[in-house]
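Colleague: Here it is, the structure, as structure tokens.
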Amino acid sequence: MLAQIHITFKDGVLDPQGKTVHHALNDLGYDEVQEVNIGKYMEIKLDSASREEAEIRVREMCEQLLANTVIESFRFTLVDTE
Amino acid sequence: MLAQIHITFKDGVLDPQGKTVHHALNDLGYDEVQEVNIGKYMEIKLDSASREEAEIRVREMCEQLLANTVIESFRFTLVDTE
Amino acid sequence: MVKLSFNLLFLLPKSTVDKPKKNRPDPEITPQIVKEHGLTIEEFRRILDLIDRTPNLTELGVFSVMWSEHCSYKSSRPYLRKLPVEGPRVLQGPGENAGVIDIGDGLAVVFKIESHNHPSFIEPHQGAATGVGGIMRDIFTMGARPIALLNSLRFGEWDEPRTRFLLNGVVDGISSYGNCTGVPTVGGEIYFDACYNGNNLVNAFCLGLVKSDRIFLANAGGVGNQILYVGSKTGRDGIHGASLLASSEFDETTEDKRPTVQVGDPFTEKLLIEACLELFKHDWVVGVQDMGAAGLTSSSFEMAHGSEAGVFMDLSKVPLREEGMIPYEILLSESQERMLFVIKPGYESEALAVLDKWGLDAAIIGEVIEEKSVRINFEGQEVVNLPTFPVVDGALDLKRELKRPAYLDDVVQVNLTEIPDITRGDTALKKLLASPNIASREWVFEQFDHMVGLNTLVMPGSDAAIIRIKGTQKAVALSVDCNSHYCYLDPYEGAAIAVAEACRNIVCSGAQPIGLTNCLNFGNPEKPEIMWQFQQAVEGMGDACRFFDIPVVSGNVSLYNETKGDAIYPTPTVAVVGLVEDQEKIMTQGFKKAGDQIALIGFTMEELGGSEYLKVMLDRSDGKPPILDRKHEKQVQSFCSELIQKGLISSAHDCSEGGLAVAVAESCFSYGGHTLGATLTLDQTLRTDALLFGETLSRIVVSFPEERTDEIEELAMRFPIDFSLIGKVGGSDFTVNVNGQEVIKQEINVLKEIWKTSLGSYAGQVT
Amino acid sequence: MKCGVVVFPGSNCDHDCYHILSHILGQETHWLWHKEEVNLESFDLVVLPGGFSYGDYLRPGAIAGFSPIMNTITRFAKAGGKVLGICNGFQVLLECGLLPGALIQNQSRKFICKNVFVSIDNPDTDFTRSCGDNRVLEIPIAHHQGSYYIDPHSLSQLEENKQIVMRYCDADGNVSSSSNPNGSVGSVAGVTNEQKNVMGLMPHPERCADPLWPRTDGQIIFQSLISAS
Ligand SMILES: Nc1ncnc2c1ncn2[C@@H]1O[C@H](COP(=O)(O)OP(=O)(O)O)[C@@H](O)[C@H]1O
Ligand SMILES: [Mg+2]
């Protein structure tokens, strides 16, 4: 099983990296860029008994460690790998 | 238009962050974790004339600025937002 | 190039080593394969002679890396032998991972500088980061705790499209790696010049502190000692001849061309430092070697060779990061953050426990054997069996052709009558202060943690950094230097000037030079002109070191710094380490108090050749570099250090790029302190441009309280040395009057702003 | 005062904190290894030092927050024990919820190492009481992720509870965006918990507490703690 996890800043938290990249892209002539948000993408290979179990465990991992829920939100999808 | 960009290390490139998070998850009791890879996820809001154009421009942005193509590879999808 | 004919190969004795059966079949060694391993026909013949059979592919790989320029120093070794390497304080000269100098109190400093030029050009962030990691390992491999880092960076011109990207990447890389390991980056230098457009230079220096009786060498000791692998797992990073591996002839599982850059893991490095220093406390540690260039290969062969023994290793026991790695790859991998220890048998579990505590991978992978060979097994098969001598020392020194480059004929004394003198210097001063090679480096060193460790008595931004030695009254001063422009115009004098200037920086900070390390960055040695530059520079450096009585204890050579036939200027970077006996007697370059006298030690001549002034104002880079009068230089330095030792002066700053006007302005700005104005009153018959901006060597600007003037002047007279009062600290302007005529008047804060922001605003722009 | 200095893998200001507490200020100081669950009952102060615990991988302080020693430290703090988190130590305290808020990348996206000024916002804590009239300190920062973030509602709560201990300012004590080095909300440089026995700050008081340097403003923090114990 592969968990694909996306972690992004919550609304209202200023993302300095996103802001800088946005400026940089505009300066480079990409005028069509309206907004940039930068987050993390993680792939976790799991050896779980079932999809249900994986679902619960990955959520737990995100809440406990992978995301800081004061500033970040997360979402994930599970992909069968066999 | 929204570009959703995933940037990950190329095969064989050391991912120190992934390695350390992998250990940490195991230490926390998530024994089912087999491998962790950590990359970046970017969302770019675009004001492009067409999907085709957006496709070309986003690829260019990735190559020019967003990804470090010496060690990273990227993929992206375009989502209509209207 | 001569081609090795197949017929010849058939005449060769068959390899006696079994080929690994379970893995890919070992291919025939064809001339093509030999060539792809960077070995010449002569070298291959020599290998056959030395081992009396054909090497298998893995063995050929071993020879290829060990006989490479990088590991064997085959072009440079004959010249390096001429450097002075001895002195009463030298505990270890060149030949080990780093040099060691005794500083008394039972302590010694360990230091070396090394290049990471090519990797940093391909991927500036990781290239620079791994450069820092590599040099630190050289230092703690000797048993020392790294306590300071410096770097010497060279980039192309500001207008070159890639320069900004490289500058940002390199600085980021150094910052990310050094800061994380908790070793302060306390100084360095940055130059921009068109000659580095296609080849930037990243030279990293590290200094460590060790008890003088606890120095460890790359020694394997006696038979039966255990070989302990420590650190990151081995991956396929930076494998030499990767193109060959990927070629379909013998590998169907061809994959994407692998990136040749390695990613640094500073966290693992930090753990390695702590774990190694903990291991070094034990008497059962016999020897240690880091796995740098050529990885497991060079570390095992060098340790075996160094102790006149042999080594047996089982590669199946090496911790691997990737699946399916073959012996060739495991041996040649350049994965970072790895070390090889030799420990006495019976202490394996104790050693492994220490490493486990720090969360590091470790494994016993072999032992020391009597036979002077390195024998390597993999999955039960012997894959390498080579005598150590031919591999480590068998490469022949190359007698490369030398030829004085023709361009030198065109370098003549700049004809000053062609250049109109100036009546005011304001514009030139402002331009110089904003220019790439003079503007403040604050933007760079603020990204480096230069304070961690609580030892940095003098932070970046003065002539030399000063690191105190806790528990003693001592401190060490560090400076890295090279004006490659001068070296281009005259490699012999340029290298000597680099030595003189680094020493002058050390002296200005209140220290005495005690040792030197160098990084010789040059173009393609196969070109006789480049080899001539190399020979001249090494000779100039050696002569200057002999004259100033400073031993060269370590160094590094980086050749082939050229792109499309354009070589860099010869860049023999030197880093000098100085000793301060009393922490109270340190000196900085900034003026301290309004009302203080400003004076110049040394004198100014009409020298503008190779100056920043000519480059910035007239876009000229010709002429002869300023003249180094060594005796005079020595006098200037010893007078300055006498003033400091007697506690008579408040600041000292040497004149270099930009000349007198820039040196005084820099003393006004002094990072961290207050900004003070100054008025210079000069009586001179020299041209104004040369007086203000010429780069005559052997000059130091000092300041001191007015009431000490008589005492100092008298000392100067008795010394004797050229010494002149040139002005006063104070006011809110920088003013220069020459022969009663005002030639510069600017608000000091305006000048400071120009100088301070130039580099940062350049770096921050998007192209 | 009996002090403990925590060592996480990757801590690198641990020796510096130890040096100031033990050698400069003469306090009884012990190392606390991250894997140990020592009994902290007899301790007056636990310091979480700066550095890059776990390489700052994932987020600074995130992984260290799960070290075994953090359980003990949490109990110690709940029982009123004094805990000081400096830089990375601050990040750890935020990650494990002993302090409110979070730290994100500096606005400049660069590591910043330099001296800054901070003004003491609350001189009435065990960490600041010795400042007397000296309300503006010159103190070094050295971080990449030091921009303090908390939502506006919680920020005003912090202000009400006097939990903001120090803010970045200029040499004269004026707090403004031009003297804010990293983009922290409200220029916040250090905060306490509600009970005011746990403090985290980004500046490094241990880097300006050795009399070998001209300024020793950082001693105020340690002297306050010594007086309070
Ligand atoms: N230019 C030089 N001057 C003096 N010694 C040098 C010079 N270049 C290399 N050396 C010495 O040669 C030895 C081998 O250098 P190098 O291969 O760079 O070391 P490492 O194997 O640690 O990377 C070292 O002891 C180094 O100090
Ligand atoms: Mg080495």
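We name chains A, B, ... following the order of the structure tokens; residues begin at 1 in each chain, and ligands are numbered from 1 as shown.
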With ligand 2 as the partner and 9 Å as the cut-off, tabulate the residues of chain C that qualify, each row holding the nearest pair of atoms and their distance in Å to one decimal, using only C-alpha atoms and all ligand atoms, sorted by chain and rising number, as a tab-separated table.
Modeller:
residue	atom	partner	partner_atom_place_in_ligand_line	distance
C:Glu96	CA	ligand 2	1 (Mg)	7.3
C:Asn97	CA	ligand 2	1 (Mg)	4.2
C:Ala98	CA	ligand 2	1 (Mg)	7.3
C:Gly134	CA	ligand 2	1 (Mg)	7.7
C:Ile135	CA	ligand 2	1 (Mg)	7.6
C:Arg137	CA	ligand 2	1 (Mg)	7.1
C:Asp138	CA	ligand 2	1 (Mg)	4.6
C:Ile139	CA	ligand 2	1 (Mg)	8.2
C:Thr141	CA	ligand 2	1 (Mg)	7.7
C:Gln289	CA	ligand 2	1 (Mg)	6.7
C:Asp290	CA	ligand 2	1 (Mg)	5.5
C:Met291	CA	ligand 2	1 (Mg)	7.0
C:Gly292	CA	ligand 2	1 (Mg)	5.8
C:Ala293	CA	ligand 2	1 (Mg)	8.0
C:Ser299	CA	ligand 2	1 (Mg)	8.2
Colleague: Using only C-alpha atoms, I'd like every residue of chain C that has an atom within 7 Å of chain D; please write them out as a list of chain:residue names.
Modeller: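 Result, ordered by chain then number: C:Cys180, C:Gly182, C:Pro266, C:Phe267, C:Lys270, C:Leu271, C:Glu446, C:Gln447, C:Phe448, C:Asp449, C:Val452, C:Gly453, C:Leu454.
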Colleague: Kindly assemble as JSON lines a list of the chain C residues that lie within 7 Å of ligand 1, each paired with its nearest atom pair and their distance in Å to one decimal, using only C-alpha atoms and all ligand atoms, sorted first by chain and then by ascending residue number.
Modeller:
{"residue": "C:His70", "atom": "CA", "partner": "ligand 1", "partner_atom_place_in_ligand_line": "17 (O)", "distance": 6.4}
{"residue": "C:Cys71", "atom": "CA", "partner": "ligand 1", "partner_atom_place_in_ligand_line": "17 (O)", "distance": 5.1}
{"residue": "C:Leu80", "atom": "CA", "partner": "ligand 1", "partner_atom_place_in_ligand_line": "3 (N)", "distance": 5.7}
{"residue": "C:Pro94", "atom": "CA", "partner": "ligand 1", "partner_atom_place_in_ligand_line": "25 (O)", "distance": 4.0}
{"residue": "C:Gly95", "atom": "CA", "partner": "ligand 1", "partner_atom_place_in_ligand_line": "25 (O)", "distance": 3.4}
{"residue": "C:Glu96", "atom": "CA", "partner": "ligand 1", "partner_atom_place_in_ligand_line": "25 (O)", "distance": 4.1}
{"residue": "C:Asn97", "atom": "CA", "partner": "ligand 1", "partner_atom_place_in_ligand_line": "22 (O)", "distance": 4.2}
{"residue": "C:Ala98", "atom": "CA", "partner": "ligand 1", "partner_atom_place_in_ligand_line": "27 (O)", "distance": 5.3}
{"residue": "C:Gly99", "atom": "CA", "partner": "ligand 1", "partner_atom_place_in_ligand_line": "27 (O)", "distance": 6.3}
{"residue": "C:Lys112", "atom": "CA", "partner": "ligand 1", "partner_atom_place_in_ligand_line": "27 (O)", "distance": 6.5}
{"residue": "C:Glu114", "atom": "CA", "partner": "ligand 1", "partner_atom_place_in_ligand_line": "18 (O)", "distance": 6.4}
{"residue": "C:Asp138", "atom": "CA", "partner": "ligand 1", "partner_atom_place_in_ligand_line": "22 (O)", "distance": 5.6}
{"residue": "C:Gly292", "atom": "CA", "partner": "ligand 1", "partner_atom_place_in_ligand_line": "23 (O)", "distance": 5.9}
{"residue": "C:Ala293", "atom": "CA", "partner": "ligand 1", "partner_atom_place_in_ligand_line": "23 (O)", "distance": 6.2}
{"residue": "C:Thr517", "atom": "CA", "partner": "ligand 1", "partner_atom_place_in_ligand_line": "3 (N)", "distance": 6.6}
{"residue": "C:Asn518", "atom": "CA", "partner": "ligand 1", "partner_atom_place_in_ligand_line": "1 (N)", "distance": 5.3}
{"residue": "C:Cys519", "atom": "CA", "partner": "ligand 1", "partner_atom_place_in_ligand_line": "1 (N)", "distance": 5.6}
{"residue": "C:Leu520", "atom": "CA", "partner": "ligand 1", "partner_atom_place_in_ligand_line": "1 (N)", "distance": 5.6}
{"residue": "C:Val552", "atom": "CA", "partner": "ligand 1", "partner_atom_place_in_ligand_line": "4 (C)", "distance": 6.0}
{"residue": "C:Val553", "atom": "CA", "partner": "ligand 1", "partner_atom_place_in_ligand_line": "4 (C)", "distance": 6.2}
{"residue": "C:Ser554", "atom": "CA", "partner": "ligand 1", "partner_atom_place_in_ligand_line": "27 (O)", "distance": 3.1}
{"residue": "C:Gly555", "atom": "CA", "partner": "ligand 1", "partner_atom_place_in_ligand_line": "7 (C)", "distance": 3.4}
{"residue": "C:Asn556", "atom": "CA", "partner": "ligand 1", "partner_atom_place_in_ligand_line": "8 (N)", "distance": 3.2}
{"residue": "C:Val557", "atom": "CA", "partner": "ligand 1", "partner_atom_place_in_ligand_line": "8 (N)", "distance": 4.9}
Colleague: Enumerate, in order of chain and increasing residue number, the residues of chain A with an atom no farther than 9 Å from chain D, each with its shortest atom pair and distance in Å to one decimal, counting only C-alpha atoms, as JSON lines.
Modeller:
{"residue": "A:Gly12", "atom": "CA", "partner": "D:Asp151", "partner_atom": "CA", "distance": 7.9}
{"residue": "A:Val13", "atom": "CA", "partner": "D:Tyr149", "partner_atom": "CA", "distance": 7.5}
{"residue": "A:Leu14", "atom": "CA", "partner": "D:Tyr149", "partner_atom": "CA", "distance": 8.7}
{"residue": "A:Asp15", "atom": "CA", "partner": "D:Gln105", "partner_atom": "CA", "distance": 8.1}
{"residue": "A:Pro16", "atom": "CA", "partner": "D:Gln107", "partner_atom": "CA", "distance": 5.4}
{"residue": "A:Gln17", "atom": "CA", "partner": "D:Arg109", "partner_atom": "CA", "distance": 6.7}
{"residue": "A:Thr20", "atom": "CA", "partner": "D:Arg109", "partner_atom": "CA", "distance": 8.4}
{"residue": "A:Leu65", "atom": "CA", "partner": "D:Ala62", "partner_atom": "CA", "distance": 6.8}
{"residue": "A:Leu66", "atom": "CA", "partner": "D:Leu58", "partner_atom": "CA", "distance": 7.3}
{"residue": "A:Ala67", "atom": "CA", "partner": "D:Arg59", "partner_atom": "CA", "distance": 8.7}
{"residue": "A:Asn68", "atom": "CA", "partner": "D:Glu95", "partner_atom": "CA", "distance": 7.4}
{"residue": "A:Val70", "atom": "CA", "partner": "D:Ala102", "partner_atom": "CA", "distance": 6.8}
{"residue": "A:Ile71", "atom": "CA", "partner": "D:Ala102", "partner_atom": "CA", "distance": 7.1}
Colleague: Calculated over only C-alpha atoms, which of the candidates B:Ala3, B:Val33, B:Ala49, B:Met42 has the smallest distance to Val21 of chain A?
Modeller: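 Comparing B:Ala3, B:Val33, B:Ala49, B:Met42 against Val21 of chain A, the winner is B:Met42.
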Colleague: Once DSSP has gone over the backbone, tell me which residues of segment 20-56 of chain A are in strand (DSSP E), as an mmCIF file with N, CA and C atoms, in the first residue's frame.
Modeller:
data_model
loop_
_atom_site.group_PDB
_atom_site.id
_atom_site.type_symbol
_atom_site.label_atom_id
_atom_site.label_comp_id
_atom_site.auth_asym_id
_atom_site.auth_seq_id
_atom_site.Cartn_x
_atom_site.Cartn_y
_atom_site.Cartn_z
ATOM 1 N N VAL A 33 0.660 33.861 -13.501
ATOM 2 C CA VAL A 33 0.630 33.247 -12.167
ATOM 3 C C VAL A 33 -0.094 34.178 -11.197
ATOM 4 N N GLN A 34 -1.153 33.631 -10.571
ATOM 5 C CA GLN A 34 -1.999 34.434 -9.689
ATOM 6 C C GLN A 34 -1.705 34.175 -8.220
ATOM 7 N N GLU A 35 -1.256 32.966 -7.932
ATOM 8 C CA GLU A 35 -1.081 32.591 -6.535
ATOM 9 C C GLU A 35 -0.221 31.338 -6.506
ATOM 10 N N VAL A 36 0.641 31.251 -5.508
ATOM 11 C CA VAL A 36 1.476 30.056 -5.363
ATOM 12 C C VAL A 36 1.399 29.569 -3.924
ATOM 13 N N ASN A 37 1.136 28.299 -3.766
ATOM 14 C CA ASN A 37 1.175 27.708 -2.428
ATOM 15 C C ASN A 37 2.124 26.536 -2.446
ATOM 16 N N ILE A 38 2.975 26.509 -1.440
ATOM 17 C CA ILE A 38 3.963 25.437 -1.422
ATOM 18 C C ILE A 38 3.796 24.596 -0.177
ATOM 19 N N GLY A 39 3.697 23.326 -0.399
ATOM 20 C CA GLY A 39 3.527 22.412 0.733
ATOM 21 C C GLY A 39 4.432 21.215 0.570
ATOM 22 N N LYS A 40 4.101 20.168 1.311
ATOM 23 C CA LYS A 40 4.923 18.965 1.243
ATOM 24 C C LYS A 40 4.137 17.832 0.625
ATOM 25 N N TYR A 41 4.886 16.958 0.009
ATOM 26 C CA TYR A 41 4.272 15.760 -0.555
ATOM 27 C C TYR A 41 5.072 14.561 -0.064
ATOM 28 N N MET A 42 4.388 13.614 0.550
ATOM 29 C CA MET A 42 5.103 12.451 1.072
ATOM 30 C C MET A 42 4.499 11.183 0.503
ATOM 31 N N GLU A 43 5.375 10.255 0.246
ATOM 32 C CA GLU A 43 4.917 8.929 -0.139
ATOM 33 C C GLU A 43 5.410 7.946 0.902
ATOM 34 N N ILE A 44 4.472 7.222 1.467
ATOM 35 C CA ILE A 44 4.852 6.250 2.490
ATOM 36 C C ILE A 44 4.420 4.868 2.049
ATOM 37 N N LYS A 45 5.391 3.985 1.946
ATOM 38 C CA LYS A 45 5.104 2.596 1.597
ATOM 39 C C LYS A 45 4.718 1.868 2.873
ATOM 40 N N LEU A 46 3.573 1.214 2.828
ATOM 41 C CA LEU A 46 3.044 0.583 4.038
ATOM 42 C C LEU A 46 2.838 -0.892 3.812
#
Colleague: Write out as a list of chain:residue names all residues of segment 8-69 of chain A that DSSP puts in helix (DSSP H, G or I) for this structure's backbone.
Modeller: A:Pro16, A:Gln17, A:Gly18, A:Lys19, A:Thr20, A:Val21, A:His22, A:His23, A:Ala24, A:Leu25, A:Asn26, A:Asp27, A:Arg51, A:Glu52, A:Glu53, A:Ala54, A:Glu55, A:Ile56, A:Arg57, A:Val58, A:Arg59, A:Glu60, A:Met61, A:Cys62, A:Glu63, A:Gln64, A:Leu65, A:Leu66
Colleague: Find the residues near segment 574-588 of chain C: any atom within 8 Å, counting only C-alpha atoms, skip ones fewer than 5 places away on the same chain, and give them as a ChimeraX atom specification.
Modeller: /C:103,113,205,458,462-463,468,473-482,498-499,502-503,506-519,644-645,647,650-653
Colleague: Please identify all residues of chain A having at least one atom at most 8 Å from any atom of chain C, considering only C-alpha atoms, and return them as a PyMOL selection string.
Modeller: chain A and resi 24+27-28
Colleague: Under the rule that only C-alpha atoms are counted, which of A:Gln64, A:Ile7, A:Asp80, A:Asn26 is the nearest residue to Ser50 of chain A?
Modeller: A:Asp80
Colleague: Tell me, as an mmCIF file with C-alpha atoms, in the first residue's frame, which residues lie within 10 Å of segment 166-177 of chain C, counting only C-alpha atoms; anything in the same chain fewer than 3 positions away does not count.
Modeller:
data_model
loop_
_atom_site.group_PDB
_atom_site.id
_atom_site.type_symbol
_atom_site.label_atom_id
_atom_site.label_comp_id
_atom_site.auth_asym_id
_atom_site.auth_seq_id
_atom_site.Cartn_x
_atom_site.Cartn_y
_atom_site.Cartn_z
ATOM 1 C CA SER C 120 29.264 22.848 -7.160
ATOM 2 C CA PHE C 121 29.007 23.920 -10.738
ATOM 3 C CA ILE C 122 26.581 21.133 -11.570
ATOM 4 C CA GLU C 123 24.480 21.498 -8.431
ATOM 5 C CA PRO C 124 25.642 24.442 -6.339
ATOM 6 C CA HIS C 125 23.660 23.721 -3.193
ATOM 7 C CA GLN C 126 24.536 20.065 -2.785
ATOM 8 C CA GLY C 127 27.991 20.460 -4.264
ATOM 9 C CA ALA C 128 28.963 23.093 -1.734
ATOM 10 C CA ALA C 129 27.220 21.294 1.127
ATOM 11 C CA THR C 130 29.027 18.030 0.495
ATOM 12 C CA GLY C 131 32.268 19.964 0.135
ATOM 13 C CA VAL C 132 31.841 21.260 3.660
ATOM 14 C CA GLY C 133 30.938 17.777 4.873
ATOM 15 C CA LEU C 149 35.015 26.573 8.904
ATOM 16 C CA LEU C 150 36.115 28.999 6.207
ATOM 17 C CA ASN C 151 35.459 29.037 2.524
ATOM 18 C CA LEU C 153 34.405 31.084 -3.344
ATOM 19 C CA ARG C 154 34.834 32.282 -6.892
ATOM 20 C CA PHE C 155 32.130 32.990 -9.394
ATOM 21 C CA GLY C 156 31.811 34.490 -12.841
ATOM 22 C CA TRP C 158 27.781 39.565 -12.149
ATOM 23 C CA PRO C 161 23.395 34.676 -16.284
ATOM 24 C CA ARG C 162 24.389 31.723 -14.120
ATOM 25 C CA THR C 163 26.405 33.637 -11.531
ATOM 26 C CA CYS C 180 23.360 22.080 11.058
ATOM 27 C CA THR C 181 26.568 20.449 12.217
ATOM 28 C CA GLY C 182 27.173 23.188 14.768
ATOM 29 C CA VAL C 183 30.567 24.186 13.419
ATOM 30 C CA PRO C 184 30.727 27.962 12.951
ATOM 31 C CA THR C 185 31.635 29.355 9.537
ATOM 32 C CA ILE C 190 34.473 35.700 -2.493
ATOM 33 C CA PHE C 192 33.861 37.470 -9.078
ATOM 34 C CA ASN C 200 33.142 28.413 -10.217
ATOM 35 C CA LEU C 201 35.411 27.472 -7.343
ATOM 36 C CA VAL C 202 34.293 26.265 -3.949
ATOM 37 C CA ALA C 204 36.276 24.715 1.982
ATOM 38 C CA GLY C 264 24.553 15.774 1.807
ATOM 39 C CA ASP C 265 23.038 14.710 5.091
ATOM 40 C CA PRO C 266 24.374 17.161 7.679
ATOM 41 C CA PHE C 267 22.370 15.556 10.450
ATOM 42 C CA GLU C 269 27.464 14.172 9.803
ATOM 43 C CA LYS C 270 26.729 15.760 13.166
ATOM 44 C CA TRP C 443 24.732 39.135 3.058
ATOM 45 C CA VAL C 444 26.792 35.962 2.922
ATOM 46 C CA PHE C 445 28.086 35.553 6.433
ATOM 47 C CA GLU C 446 24.793 36.410 8.062
ATOM 48 C CA GLN C 447 23.537 33.201 6.516
ATOM 49 C CA PHE C 448 26.263 31.259 8.275
ATOM 50 C CA ASP C 449 26.074 30.546 11.966
ATOM 51 C CA ALA C 763 21.884 38.251 -5.091
ATOM 52 C CA GLY C 764 18.230 38.947 -4.390
ATOM 53 C CA GLY D 55 18.510 17.771 11.308
ATOM 54 C CA LYS D 110 17.375 32.661 4.586
ATOM 55 C CA PHE D 111 19.154 31.628 7.711
ATOM 56 C CA ILE D 112 19.902 34.770 9.749
ATOM 57 C CA HIS D 144 16.066 29.673 9.558
#
Colleague: Which one of A:Arg59, A:Lys19, A:Arg75, A:His6 sits closest to chain B if you count only C-alpha atoms?
Modeller: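 Closest residue, counting only C-alpha atoms: A:His6.
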Colleague: When you look at Arg57 of chain A with a cut-off of 10 Å (counting only C-alpha atoms), what residues show up, excluding the ones that are within fewer than 3 positions of it in the same chain? I need them as a PyMOL selection string.
Modeller: (chain A and resi 46+48+51-54+60-63) or (chain B and resi 30+32)
Colleague: Out of A:Val79, A:Glu55, A:Thr69, A:Asp47, which residue has the shortest atom-to-atom distance to chain B when counting only C-alpha atoms?
Modeller: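 For chain B, the nearest of the given residues is A:Asp47.
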Colleague: Quick one: residues within 12 Å of Glu69 of chain C, only C-alpha atoms, excluding same-chain residues fewer than 4 positions away - as a list in words?
Modeller: Gly38, Leu39, Phe63, Ser64, Val65, Tyr73, Lys74, Ser75, Ser76, Arg77, Ala293, Ala294, Ala395, Leu396, Asp397, Leu398, Asn524, Pro525, Glu526, Asn556, Val557, Ser558, Leu559 and Tyr560 of chain C
Colleague: I'd like the interatomic distance between atom CA of Leu91 of chain C and atom CA of Asn505 of chain C, to a tenth of an Å.
Modeller: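 According to the coordinates, atom CA of Leu91 of chain C and atom CA of Asn505 of chain C are separated by 24.3 Å.
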Colleague: I'd like the contact shell of segment 117-123 of chain D - 9 Å cut-off, only C-alpha atoms, skipping same-chain residues fewer than 3 positions apart - returned as number ranges by chain.
Modeller: D: 126-132, 134-140, 162-175, 179, 189, 203
